[in-house]
$ cat upload-v3.txt   # compact mmCIF, N, CA and C atoms
# COMPACT_ATOMS: atom_id res chain seq x y z
N MET A 41 -152.45 107.88 197.96
CA MET A 41 -152.47 106.54 197.42
C MET A 41 -151.47 105.69 198.19
N GLN A 42 -151.91 104.54 198.63
CA GLN A 42 -151.02 103.61 199.30
C GLN A 42 -150.66 102.48 198.35
N LEU A 43 -149.40 102.12 198.35
CA LEU A 43 -148.91 101.04 197.51
C LEU A 43 -148.27 99.97 198.38
N THR A 44 -148.47 98.74 198.00
CA THR A 44 -147.81 97.63 198.67
C THR A 44 -146.50 97.36 197.95
N VAL A 45 -145.44 97.21 198.70
CA VAL A 45 -144.13 96.88 198.14
C VAL A 45 -143.68 95.56 198.75
N VAL A 46 -143.31 94.62 197.90
CA VAL A 46 -142.81 93.33 198.37
C VAL A 46 -141.34 93.25 197.98
N ILE A 47 -140.49 93.08 199.00
CA ILE A 47 -139.04 93.04 198.77
C ILE A 47 -138.55 91.60 198.91
N HIS A 48 -137.75 91.18 197.93
CA HIS A 48 -137.22 89.81 197.90
C HIS A 48 -135.70 89.86 197.90
N LYS A 49 -135.07 88.85 198.50
CA LYS A 49 -133.64 88.67 198.36
C LYS A 49 -133.39 88.03 196.99
N ALA A 50 -132.47 88.58 196.24
CA ALA A 50 -132.13 88.02 194.94
C ALA A 50 -131.14 86.88 195.12
N GLU A 51 -131.30 85.82 194.35
CA GLU A 51 -130.41 84.66 194.46
C GLU A 51 -128.96 85.02 194.18
N GLU A 52 -128.75 85.96 193.25
CA GLU A 52 -127.39 86.34 192.87
C GLU A 52 -126.80 87.42 193.78
N GLY A 53 -127.55 87.81 194.81
CA GLY A 53 -127.12 88.85 195.74
C GLY A 53 -127.96 90.11 195.55
N GLY A 54 -128.04 90.89 196.58
CA GLY A 54 -128.84 92.10 196.52
C GLY A 54 -130.31 91.80 196.74
N TYR A 55 -131.15 92.73 196.33
CA TYR A 55 -132.58 92.63 196.56
C TYR A 55 -133.33 93.13 195.34
N TRP A 56 -134.59 92.73 195.23
CA TRP A 56 -135.46 93.29 194.22
C TRP A 56 -136.83 93.49 194.85
N ALA A 57 -137.57 94.44 194.34
CA ALA A 57 -138.88 94.78 194.89
C ALA A 57 -139.90 94.86 193.77
N GLU A 58 -141.11 94.46 194.10
CA GLU A 58 -142.22 94.57 193.16
C GLU A 58 -143.38 95.29 193.84
N MET A 59 -144.21 95.93 193.03
CA MET A 59 -145.38 96.63 193.53
C MET A 59 -146.60 95.95 192.92
N PRO A 60 -147.25 95.04 193.65
CA PRO A 60 -148.39 94.31 193.09
C PRO A 60 -149.53 95.22 192.61
N ASN A 61 -149.66 96.41 193.19
CA ASN A 61 -150.71 97.34 192.78
C ASN A 61 -150.45 97.89 191.37
N ILE A 62 -149.19 97.81 190.92
CA ILE A 62 -148.81 98.32 189.60
C ILE A 62 -148.16 97.16 188.84
N PRO A 63 -148.95 96.41 188.09
CA PRO A 63 -148.42 95.23 187.39
C PRO A 63 -147.19 95.55 186.54
N GLY A 64 -146.18 94.70 186.68
CA GLY A 64 -144.96 94.85 185.90
C GLY A 64 -143.96 95.84 186.47
N CYS A 65 -144.29 96.47 187.59
CA CYS A 65 -143.41 97.48 188.17
C CYS A 65 -142.50 96.83 189.20
N ALA A 66 -141.19 96.94 188.96
CA ALA A 66 -140.20 96.34 189.86
C ALA A 66 -138.92 97.16 189.80
N THR A 67 -138.09 96.96 190.81
CA THR A 67 -136.78 97.60 190.85
C THR A 67 -135.83 96.69 191.61
N GLN A 68 -134.56 97.04 191.63
CA GLN A 68 -133.57 96.23 192.32
C GLN A 68 -132.48 97.10 192.91
N GLY A 69 -131.64 96.48 193.74
CA GLY A 69 -130.52 97.20 194.31
C GLY A 69 -129.61 96.26 195.07
N GLU A 70 -128.41 96.72 195.33
CA GLU A 70 -127.43 95.92 196.06
C GLU A 70 -127.79 95.77 197.54
N SER A 71 -128.48 96.75 198.10
CA SER A 71 -128.86 96.72 199.51
C SER A 71 -130.32 97.14 199.63
N LEU A 72 -130.89 96.94 200.81
CA LEU A 72 -132.26 97.39 201.05
C LEU A 72 -132.36 98.90 200.86
N LYS A 73 -131.34 99.61 201.30
CA LYS A 73 -131.32 101.06 201.15
C LYS A 73 -131.38 101.45 199.67
N ASP A 74 -130.63 100.75 198.83
CA ASP A 74 -130.64 101.01 197.38
C ASP A 74 -132.02 100.74 196.78
N VAL A 75 -132.63 99.61 197.17
CA VAL A 75 -133.96 99.28 196.64
C VAL A 75 -134.96 100.35 197.01
N LEU A 76 -134.94 100.76 198.27
CA LEU A 76 -135.88 101.79 198.71
C LEU A 76 -135.64 103.11 197.99
N ALA A 77 -134.39 103.43 197.74
CA ALA A 77 -134.06 104.67 197.02
C ALA A 77 -134.56 104.61 195.58
N ASN A 78 -134.58 103.42 194.98
CA ASN A 78 -134.99 103.25 193.59
C ASN A 78 -136.51 103.16 193.41
N LEU A 79 -137.25 102.95 194.48
CA LEU A 79 -138.69 102.75 194.38
C LEU A 79 -139.42 103.93 193.76
N GLY A 80 -139.10 105.13 194.20
CA GLY A 80 -139.79 106.32 193.69
C GLY A 80 -139.67 106.45 192.19
N GLU A 81 -138.48 106.27 191.68
CA GLU A 81 -138.23 106.38 190.24
C GLU A 81 -138.97 105.27 189.47
N ALA A 82 -138.95 104.06 190.03
CA ALA A 82 -139.63 102.94 189.37
C ALA A 82 -141.13 103.18 189.31
N ILE A 83 -141.71 103.61 190.41
CA ILE A 83 -143.15 103.87 190.45
C ILE A 83 -143.52 105.00 189.49
N GLU A 84 -142.75 106.06 189.52
CA GLU A 84 -143.01 107.19 188.62
C GLU A 84 -142.96 106.74 187.15
N GLY A 85 -141.97 105.96 186.81
CA GLY A 85 -141.84 105.49 185.43
C GLY A 85 -143.00 104.59 185.02
N CYS A 86 -143.37 103.67 185.87
CA CYS A 86 -144.47 102.75 185.56
C CYS A 86 -145.79 103.49 185.42
N LEU A 87 -146.05 104.42 186.32
CA LEU A 87 -147.31 105.17 186.25
C LEU A 87 -147.35 106.07 185.02
N SER A 88 -146.22 106.65 184.66
CA SER A 88 -146.21 107.53 183.48
C SER A 88 -146.50 106.71 182.21
N VAL A 89 -146.01 105.47 182.15
CA VAL A 89 -146.29 104.61 181.00
C VAL A 89 -147.79 104.28 180.97
N GLN A 90 -148.36 103.96 182.13
CA GLN A 90 -149.79 103.64 182.19
C GLN A 90 -150.65 104.84 181.78
N ILE A 91 -150.26 106.03 182.19
CA ILE A 91 -151.00 107.24 181.82
C ILE A 91 -150.93 107.45 180.32
N GLU A 92 -149.75 107.30 179.76
CA GLU A 92 -149.58 107.48 178.32
C GLU A 92 -150.40 106.46 177.54
N GLN A 93 -150.42 105.22 177.98
CA GLN A 93 -151.22 104.19 177.31
C GLN A 93 -152.71 104.51 177.40
N SER A 94 -153.15 105.02 178.55
CA SER A 94 -154.55 105.40 178.72
C SER A 94 -154.93 106.52 177.76
N ARG A 95 -154.04 107.48 177.59
CA ARG A 95 -154.29 108.59 176.67
C ARG A 95 -154.42 108.09 175.23
N LYS A 96 -153.58 107.14 174.85
CA LYS A 96 -153.61 106.59 173.49
C LYS A 96 -154.89 105.81 173.24
N ASN A 97 -155.42 105.17 174.29
CA ASN A 97 -156.61 104.35 174.15
C ASN A 97 -157.91 105.11 174.39
N ALA A 98 -157.82 106.37 174.77
CA ALA A 98 -159.01 107.18 175.04
C ALA A 98 -159.73 107.47 173.72
N PRO A 99 -161.05 107.53 173.77
CA PRO A 99 -161.81 107.82 172.54
C PRO A 99 -161.56 109.21 172.02

$ encode --input "upload-v3.txt" --output "structure tokens"
Amino acid sequence: MQLTVVIHKAEEGGYWAEMPNIPGCATQGESLKDVLANLGEAIEGCLSVQIEQSRKNAP
């Protein structure tokens, strides 16, 4: 699976990233290295929530 990651400079300093393929999934960090390090955990958390919601909505 390929995901698009869009990284932005935060006005207050540091960076934040969003994954348009996973609505509502974002992370932040003081440096680009921090943001990239946080991406895996953010994606895992967002996908696990989506899976759980799908299970609850399944017939």

$ axis_aligned_box --input "upload-v3.txt" --around "stretch 69-86 of chain A" --padding-each-side "3 Å" --output "AutoDock Vina command-line options"
--center_x -136.6 --center_y 101.5 --center_z 193.2 --size_x 24.4 --size_y 17.4 --size_z 22.3

$ select_by_dssp --input "upload-v3.txt" --residues "chain A" --states "helix (DSSP H, G or I)" --output "number ranges by chain"
A: 72-97

$ atom_distance --input "upload-v3.txt" --atom1 "atom CA of A:Gly54" --atom2 "atom CA of A:Ile83"
19.5 Å

$ residues_around --input "upload-v3.txt" --residues "A:Asn61" --least-positions-apart "2" --cutoff "6 Å" --atoms "all atoms listed in the file" --output "number ranges by chain"
A: 44, 59, 63

$ closest_residue --input "upload-v3.txt" --among "A:Gln42, A:Gln90, A:Ile47, A:Asn97" --to "A:Val75" --atoms "only C-alpha atoms"
A:Ile47

$ closest_residue --input "upload-v3.txt" --among "A:Ala50, A:Leu43, A:Cys86, A:Leu79" --to "A:Cys65" --atoms "only C-alpha atoms"
A:Cys86

$ atom_distance --input "upload-v3.txt" --atom1 "atom C of A:Leu76" --atom2 "atom CA of A:Ser94"
27.1 Å

$ atom_distance --input "upload-v3.txt" --atom1 "atom N of A:Leu87" --atom2 "atom N of A:Ala66"
9.3 Å

$ residues_around --input "upload-v3.txt" --residues "A:Trp56" --least-positions-apart "3" --cutoff "6 Å" --atoms "only C-alpha atoms" --output "VMD selection string"
chain A and resid 47 to 48 67 to 68

$ select_by_dssp --input "upload-v3.txt" --residues "chain A" --states "strand (DSSP E or B)" --output "PDB file with N, CA and C atoms, in the frame of the given file"
ATOM      1  N   VAL A  46    -143.310  94.620 197.900  1.00  0.00           N
ATOM      2  CA  VAL A  46    -142.810  93.330 198.370  1.00  0.00           C
ATOM      3  C   VAL A  46    -141.340  93.250 197.980  1.00  0.00           C
ATOM      4  N   ILE A  47    -140.490  93.080 199.000  1.00  0.00           N
ATOM      5  CA  ILE A  47    -139.040  93.040 198.770  1.00  0.00           C
ATOM      6  C   ILE A  47    -138.550  91.600 198.910  1.00  0.00           C
ATOM      7  N   HIS A  48    -137.750  91.180 197.930  1.00  0.00           N
ATOM      8  CA  HIS A  48    -137.220  89.810 197.900  1.00  0.00           C
ATOM      9  C   HIS A  48    -135.700  89.860 197.900  1.00  0.00           C
ATOM     10  N   LYS A  49    -135.070  88.850 198.500  1.00  0.00           N
ATOM     11  CA  LYS A  49    -133.640  88.670 198.360  1.00  0.00           C
ATOM     12  C   LYS A  49    -133.390  88.030 196.990  1.00  0.00           C
ATOM     13  N   TYR A  55    -131.150  92.730 196.330  1.00  0.00           N
ATOM     14  CA  TYR A  55    -132.580  92.630 196.560  1.00  0.00           C
ATOM     15  C   TYR A  55    -133.330  93.130 195.340  1.00  0.00           C
ATOM     16  N   TRP A  56    -134.590  92.730 195.230  1.00  0.00           N
ATOM     17  CA  TRP A  56    -135.460  93.290 194.220  1.00  0.00           C
ATOM     18  C   TRP A  56    -136.830  93.490 194.850  1.00  0.00           C
ATOM     19  N   ALA A  57    -137.570  94.440 194.340  1.00  0.00           N
ATOM     20  CA  ALA A  57    -138.880  94.780 194.890  1.00  0.00           C
ATOM     21  C   ALA A  57    -139.900  94.860 193.770  1.00  0.00           C
ATOM     22  N   GLU A  58    -141.110  94.460 194.100  1.00  0.00           N
ATOM     23  CA  GLU A  58    -142.220  94.570 193.160  1.00  0.00           C
ATOM     24  C   GLU A  58    -143.380  95.290 193.840  1.00  0.00           C
ATOM     25  N   ALA A  66    -141.190  96.940 188.960  1.00  0.00           N
ATOM     26  CA  ALA A  66    -140.200  96.340 189.860  1.00  0.00           C
ATOM     27  C   ALA A  66    -138.920  97.160 189.800  1.00  0.00           C
ATOM     28  N   THR A  67    -138.090  96.960 190.810  1.00  0.00           N
ATOM     29  CA  THR A  67    -136.780  97.600 190.850  1.00  0.00           C
ATOM     30  C   THR A  67    -135.830  96.690 191.610  1.00  0.00           C
ATOM     31  N   GLN A  68    -134.560  97.040 191.630  1.00  0.00           N
ATOM     32  CA  GLN A  68    -133.570  96.230 192.320  1.00  0.00           C
ATOM     33  C   GLN A  68    -132.480  97.100 192.910  1.00  0.00           C
ATOM     34  N   GLY A  69    -131.640  96.480 193.740  1.00  0.00           N
ATOM     35  CA  GLY A  69    -130.520  97.200 194.310  1.00  0.00           C
ATOM     36  C   GLY A  69    -129.610  96.260 195.070  1.00  0.00           C
TER      37      GLY A  69
END

$ closest_residue --input "upload-v3.txt" --among "A:Ile62, A:Ala98, A:Ala82, A:Val89" --to "A:Met41" --atoms "only C-alpha atoms"
A:Ile62
